[in-house]
Amino acid sequence: MKKKNLETICIHGGWKPKKGESQQLPIFQSTTFRYETSDQMARLFDLKDNGYFYTRLANPTNDAVAQKIAALEGGVGAVLTSSGQAANFYAIFNICQAGDHFITANTIYGGTFNLFGVTLKKLGIECTFIDPDWDDERIEAAFRPNTKCFFGETISNPGCNVFDIERFAKIAHKHGVPLIVDNTFATPINCRPFEWGCDIVTHSTTKYMDGHATQVGGVVVDSGNFPWEDYAEKFPCLCTPDESYHGLTYTKSFGNMAYTTKLVAQLMRDLGSIPSPQNAFLLNLGLETLHLRMPRHCENAQKVAEWLERNPKVGWVNFAGLPSNKYHALAQKYLPNGTCGVIAFGLKGTKEEAIRFMDNIDFISIVTHVADARTCVLHPASHTHRQLSDEQLREAGIAPDLVRLSVGIENIDDIIADLEQAMAKM
């Protein structure tokens, strides 16, 4: 049978009920699973058999949803995590240890900026932040002998810059490391980074994949394409024996599933950042309509961005769907069907006027959340990124007047009317 399209995978991926089984993915709300002999359990702990024995390591509900997301992204395997932050942490920590180094775009989400620049540093893992607009020579100068990966976001949060995936994949591979891309804002409906050379994808599934603000979660997806064995000296964690599993070597035992197997067998075993089966079930419901919601988000956002660009009270708009935008050509390449529903813009005037604008809105919500069915607004400099210094804000491309507007799937006339009346009161 031919490969299924994304719309069909959204509905049917991951869970294939047999005779008399539930049509809807069941919630396996159990911590543990029973076996008939001691040897059966022993083989599971030795990674010699597949199966379920403890939900911290694997659960049928979670795995079905992970398999659906892997299919949507075109990967060989995926692992659900308890948050998007956990997903990004696991993606890096799975191949980095104390004494290692990695490179990331400086335009990434503020929480990830802190994770990489502060918390991982405490674990002995150093990160260099680069500007994606730098030329190749300057970016390549950031690589070191102990560099283990390159990280970026397909569409940056909150700046809405588009990441040149193919360019950075080539740079990463030239230096023998994988490219990791956070594809949260684009989703696999609008962009599949593996098709452009990316090796590992992460998501905050809290956002568009859920789409209804019902659960917090994340996922790490592996393409299965990076040749770990070709750089065995750089990735001993995957290419040399793991003494905690009787000397098993992941690349030799699991081939292109080495990365995800190690992530579960080591990181989930020891750190346990798993989602509950209930949360995975809710995420699956969101995934079933992802292919319907994303076009509406993009359509509405395009109209709002065009309205903002014409508005005399707006100083600037960053939305790659606009022909005037500096990232429009990249968006046409990587996101021809639409970018996402998130727009970054700045109002003419002071930071205080931006806050006053938000205080004047009616049904649009001031929330930390983004990428929801509901239209949401946030002022990053005084909310999500307030922990950053002025210098760090500038490095991350967060202007003091930047307003992040996440356009929902309500009626477009109502959305624009609410923005218009709020600006009229400024």
# chains A, B, ... in the order shown; residues from 1 in each chain; ligands from 1
>>> residues_around(residues="A:Tyr245", least_positions_apart="2", cutoff="9 Å", atoms="only C-alpha atoms", output="PyMOL selection string")
chain A and resi 45-47+241-243+247-249+265
>>> select_by_dssp(residues="stretch 10-122 of chain A", states="strand (DSSP E)", output="PyMOL selection string")
chain A and resi 77-81+101-105
>>> residues_around(residues="A:Pro277", least_positions_apart="3", cutoff="8 Å", atoms="only C-alpha atoms", output="list of chain:residue names")
A:Ile27, A:Phe28, A:Gln29, A:Asn59, A:Thr61, A:Asn62, A:Ala280, A:Phe281
>>> write_last_selection(atoms="N, CA and C atoms", output="PDB file, in the first residue's frame")
ATOM      1  N   ILE A  27      -6.547   4.790  26.987  1.00  0.00           N
ATOM      2  CA  ILE A  27      -5.625   5.298  28.002  1.00  0.00           C
ATOM      3  C   ILE A  27      -5.178   4.121  28.861  1.00  0.00           C
ATOM      4  N   PHE A  28      -3.920   3.730  28.728  1.00  0.00           N
ATOM      5  CA  PHE A  28      -3.377   2.658  29.563  1.00  0.00           C
ATOM      6  C   PHE A  28      -2.848   3.299  30.846  1.00  0.00           C
ATOM      7  N   GLN A  29      -3.776   3.585  31.756  1.00  0.00           N
ATOM      8  CA  GLN A  29      -3.445   4.303  32.984  1.00  0.00           C
ATOM      9  C   GLN A  29      -2.947   3.313  34.018  1.00  0.00           C
ATOM     10  N   ASN A  59       4.976   3.175  27.656  1.00  0.00           N
ATOM     11  CA  ASN A  59       3.552   2.968  27.920  1.00  0.00           C
ATOM     12  C   ASN A  59       2.848   2.874  26.563  1.00  0.00           C
ATOM     13  N   THR A  61      -0.082   3.849  25.418  1.00  0.00           N
ATOM     14  CA  THR A  61      -0.721   5.091  24.969  1.00  0.00           C
ATOM     15  C   THR A  61       0.332   6.075  24.487  1.00  0.00           C
ATOM     16  N   ASN A  62       1.355   6.281  25.303  1.00  0.00           N
ATOM     17  CA  ASN A  62       2.422   7.222  24.944  1.00  0.00           C
ATOM     18  C   ASN A  62       3.117   6.803  23.652  1.00  0.00           C
ATOM     19  N   ALA A 280      -1.050  12.126  27.041  1.00  0.00           N
ATOM     20  CA  ALA A 280      -0.804  11.624  25.694  1.00  0.00           C
ATOM     21  C   ALA A 280      -2.124  11.424  24.945  1.00  0.00           C
ATOM     22  N   PHE A 281      -3.132  10.956  25.643  1.00  0.00           N
ATOM     23  CA  PHE A 281      -4.464  10.774  25.039  1.00  0.00           C
ATOM     24  C   PHE A 281      -5.019  12.118  24.561  1.00  0.00           C
TER      25      PHE A 281
END
>>> select_by_dssp(residues="stretch 124-299 of chain A", states="helix (DSSP H, G or I)", output="VMD selection string")
chain A and resid 136 to 140 165 to 174 187 to 190 193 to 196 228 to 231 236 to 239 243 to 245 250 to 271 277 to 287 290 to 299
>>> closest_residue(among="A:Ser273, A:Ser244, A:Thr202, A:Thr375", to="A:Gly75", atoms="only C-alpha atoms")
A:Thr202
>>> closest_residue(among="A:His173, A:Arg356, A:Lys303, A:Arg404", to="A:His369", atoms="only C-alpha atoms")
A:Arg404
>>> residues_around(residues="A:Ile130", least_positions_apart="6", cutoff="7 Å", atoms="only C-alpha atoms", output="count of residues only")
4
>>> residues_around(residues="A:Pro158", least_positions_apart="4", cutoff="12 Å", atoms="only C-alpha atoms", output="JSON list (two decimals) with N, CA and C atoms, in the first residue's frame")
[["chain", "number", "residue", "atom", "x", "y", "z"],
["A", 106, "ASN", "N", 20.86, 32.19, 18.38],
["A", 106, "ASN", "CA", 20.57, 33.03, 19.55],
["A", 106, "ASN", "C", 19.12, 33.52, 19.57],
["A", 107, "THR", "N", 18.34, 33.16, 18.56],
["A", 107, "THR", "CA", 16.97, 33.65, 18.45],
["A", 107, "THR", "C", 15.95, 32.71, 19.09],
["A", 108, "ILE", "N", 16.40, 31.68, 19.77],
["A", 108, "ILE", "CA", 15.50, 30.66, 20.32],
["A", 108, "ILE", "C", 14.68, 31.18, 21.49],
["A", 109, "TYR", "N", 13.66, 30.43, 21.84],
["A", 109, "TYR", "CA", 12.75, 30.75, 22.95],
["A", 109, "TYR", "C", 13.53, 31.03, 24.24],
["A", 110, "GLY", "N", 13.07, 32.02, 25.01],
["A", 110, "GLY", "CA", 13.78, 32.44, 26.21],
["A", 110, "GLY", "C", 14.03, 31.34, 27.22],
["A", 111, "GLY", "N", 13.07, 30.44, 27.40],
["A", 111, "GLY", "CA", 13.25, 29.33, 28.32],
["A", 111, "GLY", "C", 14.37, 28.41, 27.86],
["A", 112, "THR", "N", 14.43, 28.16, 26.55],
["A", 112, "THR", "CA", 15.49, 27.31, 26.01],
["A", 112, "THR", "C", 16.83, 28.04, 26.08],
["A", 113, "PHE", "N", 16.82, 29.35, 25.88],
["A", 113, "PHE", "CA", 18.02, 30.17, 26.00],
["A", 113, "PHE", "C", 18.63, 30.00, 27.40],
["A", 153, "GLU", "N", 15.52, 26.81, 15.71],
["A", 153, "GLU", "CA", 14.06, 26.68, 15.63],
["A", 153, "GLU", "C", 13.60, 27.01, 14.22],
["A", 154, "THR", "N", 12.74, 26.19, 13.65],
["A", 154, "THR", "CA", 12.23, 26.43, 12.29],
["A", 154, "THR", "C", 11.71, 27.85, 12.17],
["A", 162, "VAL", "N", 12.81, 32.87, 10.29],
["A", 162, "VAL", "CA", 12.82, 31.55, 9.66],
["A", 162, "VAL", "C", 14.26, 31.04, 9.58],
["A", 184, "THR", "N", 8.31, 23.34, 16.52],
["A", 184, "THR", "CA", 7.04, 23.57, 17.22],
["A", 184, "THR", "C", 6.09, 24.47, 16.44],
["A", 185, "PHE", "N", 6.56, 25.63, 16.01],
["A", 185, "PHE", "CA", 5.66, 26.60, 15.38],
["A", 185, "PHE", "C", 5.20, 26.16, 14.00],
["A", 318, "ASN", "N", 6.99, 41.50, 11.87],
["A", 318, "ASN", "CA", 7.82, 40.39, 11.40],
["A", 318, "ASN", "C", 6.93, 39.16, 11.23],
["A", 319, "PHE", "N", 6.58, 38.88, 9.99],
["A", 319, "PHE", "CA", 5.78, 37.71, 9.64],
["A", 319, "PHE", "C", 6.21, 37.29, 8.25],
["A", 341, "GLY", "N", 0.68, 30.69, 12.96],
["A", 341, "GLY", "CA", -0.24, 31.75, 13.33],
["A", 341, "GLY", "C", 0.38, 32.84, 14.19],
["A", 342, "VAL", "N", 1.70, 32.79, 14.39],
["A", 342, "VAL", "CA", 2.35, 33.72, 15.32],
["A", 342, "VAL", "C", 2.98, 34.88, 14.54],
["A", 343, "ILE", "N", 2.72, 36.09, 15.04],
["A", 343, "ILE", "CA", 3.24, 37.31, 14.44],
["A", 343, "ILE", "C", 3.99, 38.10, 15.51],
["A", 344, "ALA", "N", 5.14, 38.63, 15.16],
["A", 344, "ALA", "CA", 5.85, 39.56, 16.03],
["A", 344, "ALA", "C", 5.70, 40.96, 15.44],
["A", 345, "PHE", "N", 5.34, 41.93, 16.28],
["A", 345, "PHE", "CA", 5.24, 43.30, 15.79],
["A", 345, "PHE", "C", 5.53, 44.28, 16.91],
["A", 368, "THR", "N", 0.64, 33.33, 28.91],
["A", 368, "THR", "CA", 1.98, 32.86, 28.58],
["A", 368, "THR", "C", 1.95, 31.94, 27.38],
["A", 369, "HIS", "N", 0.82, 31.30, 27.18],
["A", 369, "HIS", "CA", 0.70, 30.29, 26.15],
["A", 369, "HIS", "C", 0.72, 30.90, 24.76],
["A", 370, "VAL", "N", 0.96, 30.04, 23.78],
["A", 370, "VAL", "CA", 1.01, 30.45, 22.38],
["A", 370, "VAL", "C", 0.61, 29.25, 21.54],
["A", 371, "ALA", "N", 0.21, 29.52, 20.28],
["A", 371, "ALA", "CA", -0.12, 28.45, 19.34],
["A", 371, "ALA", "C", -1.33, 27.65, 19.81],
["A", 377, "VAL", "N", -1.99, 37.00, 23.25],
["A", 377, "VAL", "CA", -1.00, 38.06, 23.08],
["A", 377, "VAL", "C", -0.08, 38.10, 24.29],
["A", 378, "LEU", "N", 1.16, 38.52, 24.05],
["A", 378, "LEU", "CA", 2.16, 38.54, 25.11],
["A", 378, "LEU", "C", 3.19, 39.62, 24.81],
["A", 379, "HIS", "N", 3.77, 40.21, 25.86],
["A", 379, "HIS", "CA", 4.86, 41.17, 25.70],
["A", 379, "HIS", "C", 6.12, 40.50, 26.28],
["A", 380, "PRO", "N", 6.93, 39.84, 25.44],
["A", 380, "PRO", "CA", 8.04, 39.02, 25.93],
["A", 380, "PRO", "C", 9.01, 39.74, 26.86],
["A", 381, "ALA", "N", 9.36, 40.99, 26.58],
["A", 381, "ALA", "CA", 10.36, 41.68, 27.39],
["A", 381, "ALA", "C", 9.92, 41.82, 28.84],
["A", 383, "HIS", "N", 7.40, 39.69, 30.12],
["A", 383, "HIS", "CA", 6.77, 38.43, 30.53],
["A", 383, "HIS", "C", 7.76, 37.28, 30.40],
["A", 384, "THR", "N", 7.71, 36.54, 29.29],
["A", 384, "THR", "CA", 8.49, 35.31, 29.16],
["A", 384, "THR", "C", 9.99, 35.53, 29.21],
["A", 385, "HIS", "N", 10.47, 36.69, 28.75],
["A", 385, "HIS", "CA", 11.91, 36.93, 28.67],
["A", 385, "HIS", "C", 12.39, 37.94, 29.71],
["A", 393, "LEU", "N", 18.59, 40.32, 25.83],
["A", 393, "LEU", "CA", 17.40, 40.56, 25.00],
["A", 393, "LEU", "C", 17.82, 40.98, 23.60],
["A", 396, "ALA", "N", 19.15, 38.04, 21.69],
["A", 396, "ALA", "CA", 18.09, 37.13, 21.29],
["A", 396, "ALA", "C", 17.11, 37.78, 20.30],
["A", 397, "GLY", "N", 17.37, 39.02, 19.94],
["A", 397, "GLY", "CA", 16.50, 39.70, 18.99],
["A", 397, "GLY", "C", 15.16, 40.10, 19.56],
["A", 398, "ILE", "N", 15.09, 40.31, 20.89],
["A", 398, "ILE", "CA", 13.84, 40.69, 21.54],
["A", 398, "ILE", "C", 13.85, 42.19, 21.79],
["A", 399, "ALA", "N", 13.15, 42.93, 20.96],
["A", 399, "ALA", "CA", 13.06, 44.37, 21.13],
["A", 399, "ALA", "C", 12.13, 44.70, 22.30],
["A", 402, "LEU", "N", 8.49, 44.61, 21.32],
["A", 402, "LEU", "CA", 7.98, 43.43, 20.61],
["A", 402, "LEU", "C", 6.74, 42.88, 21.29],
["A", 403, "VAL", "N", 5.69, 42.73, 20.51],
["A", 403, "VAL", "CA", 4.45, 42.08, 20.95],
["A", 403, "VAL", "C", 4.32, 40.78, 20.17],
["A", 404, "ARG", "N", 4.12, 39.67, 20.88],
["A", 404, "ARG", "CA", 3.90, 38.38, 20.21],
["A", 404, "ARG", "C", 2.40, 38.11, 20.17],
["A", 405, "LEU", "N", 1.88, 38.07, 18.96],
["A", 405, "LEU", "CA", 0.46, 37.80, 18.76],
["A", 405, "LEU", "C", 0.29, 36.42, 18.15],
["A", 406, "SER", "N", -0.39, 35.55, 18.85],
["A", 406, "SER", "CA", -0.67, 34.21, 18.34],
["A", 406, "SER", "C", -2.12, 34.19, 17.85]]
>>> residues_around(residues="stretch 352-354 of chain A", least_positions_apart="4", cutoff="8 Å", atoms="only C-alpha atoms", output="ChimeraX atom specification")
/A:346-347,358,379,401,403,426
>>> write_last_selection(atoms="N, CA and C atoms", output="CSV table (one decimal), in the first residue's frame")
chain,number,residue,atom,x,y,z
A,346,GLY,N,5.8,45.5,16.5
A,346,GLY,CA,6.0,46.6,17.5
A,346,GLY,C,5.2,47.8,17.2
A,347,LEU,N,4.6,48.3,18.3
A,347,LEU,CA,3.8,49.6,18.2
A,347,LEU,C,4.7,50.8,18.3
A,358,MET,N,-2.2,46.0,25.3
A,358,MET,CA,-2.7,44.7,25.7
A,358,MET,C,-3.8,44.8,26.7
A,379,HIS,N,3.8,40.2,25.9
A,379,HIS,CA,4.9,41.2,25.7
A,379,HIS,C,6.1,40.5,26.3
A,401,ASP,N,9.8,46.7,22.5
A,401,ASP,CA,8.4,47.0,22.0
A,401,ASP,C,7.8,45.7,21.4
A,403,VAL,N,5.7,42.7,20.5
A,403,VAL,CA,4.5,42.1,21.0
A,403,VAL,C,4.3,40.8,20.2
A,426,MET,N,-5.3,53.8,22.7
A,426,MET,CA,-3.9,54.1,23.1
A,426,MET,C,-3.7,55.6,23.2
>>> residues_around(residues="A:Gly255", least_positions_apart="5", cutoff="12 Å", atoms="only C-alpha atoms", output="ChimeraX atom specification")
/A:76-77,224-229,238-239,249-250,260-262
>>> closest_residue(among="A:Asp210, A:Asp230, A:Asp390, A:Glu288", to="A:Leu25", atoms="only C-alpha atoms")
A:Glu288
